[in-house]
Amino acid sequence: HVAGPKRLVRSDFFPGLGWMMPRRVWDGDDSHPNTALKSNWAPNGYWDDWIREPNIRLGRQVLRPEVSRTFHFGNIHGVSQNDVEHNINQILLDRVDVQWEKEDLLYLKPDLFAASYWRRVSNAKLVSSEADAKFYIAHSDVRLVYTSLYDFETLALNFDVMKDEKAGIARTSYEGIVEVRYGRGEFIIFLTPPYVSEGSSPSSFGKKAWMNLDKTALLQSFGLSIPSEEDWQLNY
């Protein structure tokens with residue numbers, strides 16, 4: 001479920017289906033001229049996964065609408081071999097004509113968004129089970145903690161959201177936090193790593209741009225357990 005056609009959020013996961021980027025990302029940032037995407041664009045052809053690689057994304061984020069503005073029609077033929085058809089067919093396409101030029105979008109500035117998002121997530125009611133989450137979501141935001149990527153997969157399947165990740169970043173996530181709209185209310189279930197707690201946010205929260213963290217370092221920063229090589233082969 002989704003709500004709020006005017007709601008935009010920041011995300012660490014590059015969406016892939018429909019997107020735009022400023023010219024400075026293509027040509028290279030003045031302070032980081034060697035980061036131009038045009039210099040080595042998707043050498044193997046799969047540009048969506050290529051952009052999601054840590055050494056290419058470099059901590060940069062995307063702005064995404066809560067209600068999708070794109071719809072994937074490739075349910076029969078495509079690179080994914082139809083393995084995400086169940087999720088794709090459930091996409092709710094936005095039908096509200098939002099005049100974005102008239103909206104106040106200052107809240108999306110990195111520092112402002114990080115501060116307000118942390119307040120909302122850290123103040124959500126902490127519960128220990130999916131049953132409790134589904135009960136309390138009628139009255140307030142709810143938070144469920146996952147301690148590993150395997151743990152996240154289990155929660156994602158139970159809440160019917162996509163369970164995959166790339167380089168340690170789950171789809172739609174922001175700082176390891178994934179939102180779930182459950183039911184028809186105004187509240188959100190937040191699936192969060194262990195580092196999220198009441199009180200002040202970590203100094204790096206929302207500020208990982210240019211840090212170039214590999215998968216292991218990123219998972220450690222989230223407080224997640226690192227799978228053994230055997231677990232990677234079995235589960236990932």
# chains A, B, ... in the order shown; residues from 1 in each chain; ligands from 1
$ closest_atom_pairs --of "segment 149-175 of chain A" --to "segment 190-206 of chain A" --cutoff "8 Å" --atoms "only C-alpha atoms" --output "tab-separated table"
residue	atom	partner	partner_atom	distance
A:Phe152	CA	A:Leu191	CA	7.8
A:Tyr174	CA	A:Gly206	CA	7.9
A:Glu175	CA	A:Gly206	CA	6.6
$ residues_around --residues "Arg143 of chain A" --least-positions-apart "5" --cutoff "9 Å" --atoms "only C-alpha atoms" --output "PDB file with N, CA, C and O atoms, in the first residue's frame"
ATOM      1  N   VAL A 121      11.294   8.239  12.824  1.00  0.00           N
ATOM      2  CA  VAL A 121      11.623   6.817  12.960  1.00  0.00           C
ATOM      3  C   VAL A 121      11.968   6.465  14.409  1.00  0.00           C
ATOM      4  O   VAL A 121      11.484   5.459  14.954  1.00  0.00           O
ATOM      5  N   SER A 122      12.790   7.275  15.052  1.00  0.00           N
ATOM      6  CA  SER A 122      13.226   6.959  16.414  1.00  0.00           C
ATOM      7  C   SER A 122      12.081   7.084  17.418  1.00  0.00           C
ATOM      8  O   SER A 122      12.122   6.461  18.490  1.00  0.00           O
ATOM      9  N   ASN A 123      11.069   7.877  17.099  1.00  0.00           N
ATOM     10  CA  ASN A 123       9.918   8.022  17.994  1.00  0.00           C
ATOM     11  C   ASN A 123       8.813   7.008  17.712  1.00  0.00           C
ATOM     12  O   ASN A 123       7.809   6.968  18.434  1.00  0.00           O
ATOM     13  N   ALA A 124       8.974   6.202  16.654  1.00  0.00           N
ATOM     14  CA  ALA A 124       7.975   5.175  16.356  1.00  0.00           C
ATOM     15  C   ALA A 124       7.963   4.136  17.473  1.00  0.00           C
ATOM     16  O   ALA A 124       8.986   3.867  18.106  1.00  0.00           O
ATOM     17  N   LYS A 125       6.816   3.537  17.701  1.00  0.00           N
ATOM     18  CA  LYS A 125       6.678   2.541  18.776  1.00  0.00           C
ATOM     19  C   LYS A 125       7.485   1.301  18.432  1.00  0.00           C
ATOM     20  O   LYS A 125       7.285   0.678  17.400  1.00  0.00           O
ATOM     21  N   LEU A 126       8.408   0.941  19.306  1.00  0.00           N
ATOM     22  CA  LEU A 126       9.241  -0.242  19.092  1.00  0.00           C
ATOM     23  C   LEU A 126       8.467  -1.485  19.505  1.00  0.00           C
ATOM     24  O   LEU A 126       7.987  -1.584  20.646  1.00  0.00           O
ATOM     25  N   VAL A 127       8.349  -2.442  18.594  1.00  0.00           N
ATOM     26  CA  VAL A 127       7.656  -3.702  18.885  1.00  0.00           C
ATOM     27  C   VAL A 127       8.597  -4.857  18.554  1.00  0.00           C
ATOM     28  O   VAL A 127       9.603  -4.678  17.871  1.00  0.00           O
ATOM     29  N   SER A 128       8.244  -6.043  19.028  1.00  0.00           N
ATOM     30  CA  SER A 128       9.145  -7.185  18.873  1.00  0.00           C
ATOM     31  C   SER A 128       8.603  -8.260  17.945  1.00  0.00           C
ATOM     32  O   SER A 128       9.256  -9.289  17.753  1.00  0.00           O
ATOM     33  N   ALA A 133       3.254  -5.318  15.341  1.00  0.00           N
ATOM     34  CA  ALA A 133       3.369  -4.233  14.367  1.00  0.00           C
ATOM     35  C   ALA A 133       2.046  -4.023  13.639  1.00  0.00           C
ATOM     36  O   ALA A 133       1.595  -2.884  13.460  1.00  0.00           O
ATOM     37  N   ILE A 188       3.218   4.378   9.407  1.00  0.00           N
ATOM     38  CA  ILE A 188       4.211   3.579   8.681  1.00  0.00           C
ATOM     39  C   ILE A 188       4.882   2.587   9.619  1.00  0.00           C
ATOM     40  O   ILE A 188       5.185   2.913  10.775  1.00  0.00           O
ATOM     41  N   ILE A 189       5.130   1.378   9.119  1.00  0.00           N
ATOM     42  CA  ILE A 189       5.986   0.411   9.807  1.00  0.00           C
ATOM     43  C   ILE A 189       7.408   0.611   9.275  1.00  0.00           C
ATOM     44  O   ILE A 189       7.636   0.527   8.068  1.00  0.00           O
ATOM     45  N   PHE A 190       8.333   0.900  10.160  1.00  0.00           N
ATOM     46  CA  PHE A 190       9.726   1.079   9.767  1.00  0.00           C
ATOM     47  C   PHE A 190      10.518  -0.177  10.130  1.00  0.00           C
ATOM     48  O   PHE A 190      10.550  -0.584  11.299  1.00  0.00           O
ATOM     49  N   LEU A 191      11.142  -0.787   9.138  1.00  0.00           N
ATOM     50  CA  LEU A 191      12.056  -1.907   9.369  1.00  0.00           C
ATOM     51  C   LEU A 191      13.447  -1.304   9.490  1.00  0.00           C
ATOM     52  O   LEU A 191      13.967  -0.732   8.530  1.00  0.00           O
ATOM     53  N   THR A 192      14.048  -1.394  10.673  1.00  0.00           N
ATOM     54  CA  THR A 192      15.292  -0.674  10.917  1.00  0.00           C
ATOM     55  C   THR A 192      16.414  -1.593  11.394  1.00  0.00           C
ATOM     56  O   THR A 192      16.173  -2.586  12.076  1.00  0.00           O
TER      57      THR A 192
END
$ select_by_dssp --residues "segment 68-206 of chain A" --states "alpha helix (DSSP H)" --output "NGL selection string"
:A and (85-88 or 110-122 or 130-136 or 149-158)
$ atom_distance --atom1 "atom CA of Val96 of chain A" --atom2 "atom CA of His139 of chain A"
26.5 Å
$ residues_around --residues "Asn34 of chain A" --least-positions-apart "2" --cutoff "12 Å" --atoms "only C-alpha atoms" --output "VMD selection string"
chain A and resid 24 to 32 36 to 40 55 to 56 58 210
$ write_last_selection --atoms "N, CA, C and O atoms" --output "PDB file, in the first residue's frame"
ATOM      1  N   ARG A  24      25.470  17.803 -13.464  1.00  0.00           N
ATOM      2  CA  ARG A  24      26.721  17.707 -12.690  1.00  0.00           C
ATOM      3  C   ARG A  24      27.038  16.275 -12.294  1.00  0.00           C
ATOM      4  O   ARG A  24      28.198  15.938 -12.058  1.00  0.00           O
ATOM      5  N   VAL A  25      26.008  15.408 -12.203  1.00  0.00           N
ATOM      6  CA  VAL A  25      26.269  13.999 -11.908  1.00  0.00           C
ATOM      7  C   VAL A  25      26.835  13.306 -13.143  1.00  0.00           C
ATOM      8  O   VAL A  25      27.718  12.465 -13.054  1.00  0.00           O
ATOM      9  N   TRP A  26      26.329  13.679 -14.312  1.00  0.00           N
ATOM     10  CA  TRP A  26      26.812  13.104 -15.568  1.00  0.00           C
ATOM     11  C   TRP A  26      28.219  13.607 -15.901  1.00  0.00           C
ATOM     12  O   TRP A  26      29.098  12.833 -16.246  1.00  0.00           O
ATOM     13  N   ASP A  27      28.421  14.929 -15.766  1.00  0.00           N
ATOM     14  CA  ASP A  27      29.700  15.526 -16.132  1.00  0.00           C
ATOM     15  C   ASP A  27      30.749  15.439 -15.031  1.00  0.00           C
ATOM     16  O   ASP A  27      31.938  15.548 -15.305  1.00  0.00           O
ATOM     17  N   GLY A  28      30.299  15.268 -13.776  1.00  0.00           N
ATOM     18  CA  GLY A  28      31.222  15.241 -12.653  1.00  0.00           C
ATOM     19  C   GLY A  28      31.073  16.470 -11.780  1.00  0.00           C
ATOM     20  O   GLY A  28      30.995  17.594 -12.281  1.00  0.00           O
ATOM     21  N   ASP A  29      31.040  16.263 -10.482  1.00  0.00           N
ATOM     22  CA  ASP A  29      30.924  17.362  -9.529  1.00  0.00           C
ATOM     23  C   ASP A  29      32.216  18.176  -9.531  1.00  0.00           C
ATOM     24  O   ASP A  29      33.312  17.620  -9.651  1.00  0.00           O
ATOM     25  N   ASP A  30      32.117  19.491  -9.404  1.00  0.00           N
ATOM     26  CA  ASP A  30      33.305  20.356  -9.440  1.00  0.00           C
ATOM     27  C   ASP A  30      34.337  19.949  -8.398  1.00  0.00           C
ATOM     28  O   ASP A  30      35.549  19.986  -8.650  1.00  0.00           O
ATOM     29  N   SER A  31      33.849  19.558  -7.228  1.00  0.00           N
ATOM     30  CA  SER A  31      34.776  19.183  -6.159  1.00  0.00           C
ATOM     31  C   SER A  31      35.223  17.728  -6.252  1.00  0.00           C
ATOM     32  O   SER A  31      36.132  17.302  -5.534  1.00  0.00           O
ATOM     33  N   HIS A  32      34.564  16.956  -7.116  1.00  0.00           N
ATOM     34  CA  HIS A  32      34.932  15.545  -7.316  1.00  0.00           C
ATOM     35  C   HIS A  32      34.876  15.233  -8.814  1.00  0.00           C
ATOM     36  O   HIS A  32      34.042  14.465  -9.279  1.00  0.00           O
ATOM     37  N   ALA A  36      32.423  11.567 -12.683  1.00  0.00           N
ATOM     38  CA  ALA A  36      31.487  11.694 -13.802  1.00  0.00           C
ATOM     39  C   ALA A  36      31.021  10.323 -14.278  1.00  0.00           C
ATOM     40  O   ALA A  36      31.829   9.455 -14.591  1.00  0.00           O
ATOM     41  N   LEU A  37      29.708  10.139 -14.357  1.00  0.00           N
ATOM     42  CA  LEU A  37      29.174   8.862 -14.816  1.00  0.00           C
ATOM     43  C   LEU A  37      29.457   8.633 -16.298  1.00  0.00           C
ATOM     44  O   LEU A  37      29.559   7.493 -16.738  1.00  0.00           O
ATOM     45  N   LYS A  38      29.574   9.710 -17.062  1.00  0.00           N
ATOM     46  CA  LYS A  38      29.757   9.558 -18.501  1.00  0.00           C
ATOM     47  C   LYS A  38      31.110   8.962 -18.876  1.00  0.00           C
ATOM     48  O   LYS A  38      31.271   8.428 -19.977  1.00  0.00           O
ATOM     49  N   SER A  39      32.070   9.022 -17.945  1.00  0.00           N
ATOM     50  CA  SER A  39      33.424   8.585 -18.288  1.00  0.00           C
ATOM     51  C   SER A  39      33.555   7.074 -18.440  1.00  0.00           C
ATOM     52  O   SER A  39      34.478   6.596 -19.085  1.00  0.00           O
ATOM     53  N   ASN A  40      32.626   6.324 -17.839  1.00  0.00           N
ATOM     54  CA  ASN A  40      32.733   4.865 -17.921  1.00  0.00           C
ATOM     55  C   ASN A  40      31.346   4.250 -17.826  1.00  0.00           C
ATOM     56  O   ASN A  40      31.099   3.339 -17.046  1.00  0.00           O
ATOM     57  N   ASN A  55      31.351   1.922  -5.472  1.00  0.00           N
ATOM     58  CA  ASN A  55      32.369   2.796  -6.046  1.00  0.00           C
ATOM     59  C   ASN A  55      31.823   3.696  -7.151  1.00  0.00           C
ATOM     60  O   ASN A  55      32.499   4.620  -7.604  1.00  0.00           O
ATOM     61  N   ILE A  56      30.607   3.449  -7.593  1.00  0.00           N
ATOM     62  CA  ILE A  56      29.956   4.307  -8.584  1.00  0.00           C
ATOM     63  C   ILE A  56      28.958   5.244  -7.901  1.00  0.00           C
ATOM     64  O   ILE A  56      28.922   6.446  -8.172  1.00  0.00           O
ATOM     65  N   LEU A  58      28.863   6.119  -4.679  1.00  0.00           N
ATOM     66  CA  LEU A  58      29.616   7.008  -3.797  1.00  0.00           C
ATOM     67  C   LEU A  58      28.732   7.702  -2.771  1.00  0.00           C
ATOM     68  O   LEU A  58      28.908   8.891  -2.484  1.00  0.00           O
ATOM     69  N   TRP A 210      30.138  10.261  -0.689  1.00  0.00           N
ATOM     70  CA  TRP A 210      31.567  10.220  -0.982  1.00  0.00           C
ATOM     71  C   TRP A 210      32.359   9.338  -0.023  1.00  0.00           C
ATOM     72  O   TRP A 210      33.582   9.275  -0.099  1.00  0.00           O
TER      73      TRP A 210
END
$ residues_around --residues "Ile226 of chain A" --least-positions-apart "4" --cutoff "8 Å" --atoms "only C-alpha atoms" --output "list in words"
Ser148, Thr216, Leu219 and Gln220 of chain A
$ write_last_selection --atoms "C-alpha atoms" --output "short mmCIF file (atom, residue, chain, number, x, y, z; two decimals), in the first residue's frame"
data_model
loop_
_atom_site.label_atom_id
_atom_site.label_comp_id
_atom_site.auth_asym_id
_atom_site.auth_seq_id
_atom_site.Cartn_x
_atom_site.Cartn_y
_atom_site.Cartn_z
CA SER A 148 20.97 -9.25 9.48
CA THR A 216 30.95 -5.15 4.76
CA LEU A 219 26.59 -3.44 7.15
CA GLN A 220 28.89 -2.80 10.12
#
$ residues_around --residues "Ala170 of chain A" --least-positions-apart "3" --cutoff "12 Å" --atoms "only C-alpha atoms" --output "JSON, numbers by chain"
{"A": [11, 12, 13, 14, 15, 52, 148, 149, 150, 152, 153, 156, 161, 162, 163, 164, 165, 166, 167, 173, 174, 175, 176, 177, 178, 179, 191, 192, 193, 215, 218, 219]}
$ atom_distance --atom1 "atom CA of Asp48 of chain A" --atom2 "atom CA of Gly4 of chain A"
26.5 Å
$ closest_residue --among "A:Leu8, A:Ala114, A:Val142, A:Leu106" --to "Val180 of chain A" --atoms "only C-alpha atoms"
A:Val142
$ select_by_dssp --residues "segment 26-154 of chain A" --states "strand (DSSP E or B)" --output "NGL selection string"
:A and (29 or 32 or 62-65 or 125-126 or 142-145)
$ write_last_selection --atoms "N, CA and C atoms" --output "mmCIF file, in the first residue's frame"
data_model
loop_
_atom_site.group_PDB
_atom_site.id
_atom_site.type_symbol
_atom_site.label_atom_id
_atom_site.label_comp_id
_atom_site.auth_asym_id
_atom_site.auth_seq_id
_atom_site.Cartn_x
_atom_site.Cartn_y
_atom_site.Cartn_z
ATOM 1 N N ASP A 29 31.040 16.263 -10.482
ATOM 2 C CA ASP A 29 30.924 17.362 -9.529
ATOM 3 C C ASP A 29 32.216 18.176 -9.531
ATOM 4 N N HIS A 32 34.564 16.956 -7.116
ATOM 5 C CA HIS A 32 34.932 15.545 -7.316
ATOM 6 C C HIS A 32 34.876 15.233 -8.814
ATOM 7 N N VAL A 62 18.969 9.346 -4.044
ATOM 8 C CA VAL A 62 17.950 9.737 -5.013
ATOM 9 C C VAL A 62 16.739 10.270 -4.254
ATOM 10 N N LEU A 63 15.936 11.059 -4.949
ATOM 11 C CA LEU A 63 14.648 11.492 -4.425
ATOM 12 C C LEU A 63 13.582 10.669 -5.127
ATOM 13 N N ARG A 64 12.708 10.059 -4.358
ATOM 14 C CA ARG A 64 11.669 9.237 -4.955
ATOM 15 C C ARG A 64 10.302 9.608 -4.392
ATOM 16 N N PRO A 65 9.247 9.508 -5.207
ATOM 17 C CA PRO A 65 7.899 9.725 -4.694
ATOM 18 C C PRO A 65 7.413 8.466 -3.994
ATOM 19 N N LYS A 125 6.816 3.537 17.701
ATOM 20 C CA LYS A 125 6.678 2.541 18.776
ATOM 21 C C LYS A 125 7.485 1.301 18.432
ATOM 22 N N LEU A 126 8.408 0.941 19.306
ATOM 23 C CA LEU A 126 9.241 -0.242 19.092
ATOM 24 C C LEU A 126 8.467 -1.485 19.505
ATOM 25 N N VAL A 142 5.271 2.483 13.739
ATOM 26 C CA VAL A 142 5.801 1.311 14.437
ATOM 27 C C VAL A 142 7.196 1.008 13.905
ATOM 28 N N ARG A 143 8.052 0.470 14.776
ATOM 29 C CA ARG A 143 9.410 0.110 14.358
ATOM 30 C C ARG A 143 9.715 -1.332 14.721
ATOM 31 N N LEU A 144 10.200 -2.078 13.735
ATOM 32 C CA LEU A 144 10.660 -3.452 13.922
ATOM 33 C C LEU A 144 12.144 -3.508 13.571
ATOM 34 N N VAL A 145 12.936 -4.168 14.390
ATOM 35 C CA VAL A 145 14.382 -4.230 14.172
ATOM 36 C C VAL A 145 14.773 -5.529 13.481
#
$ closest_residue --among "A:Lys6, A:Arg23, A:Lys207, A:Arg171" --to "Asp111 of chain A" --atoms "only C-alpha atoms"
A:Lys207
$ atom_distance --atom1 "atom CA of Glu66 of chain A" --atom2 "atom CA of Gln99 of chain A"
15.8 Å
$ closest_residue --among "A:Trp118, A:Phe159, A:Tyr107, A:Phe135" --to "Gly185 of chain A" --atoms "only C-alpha atoms"
A:Phe135
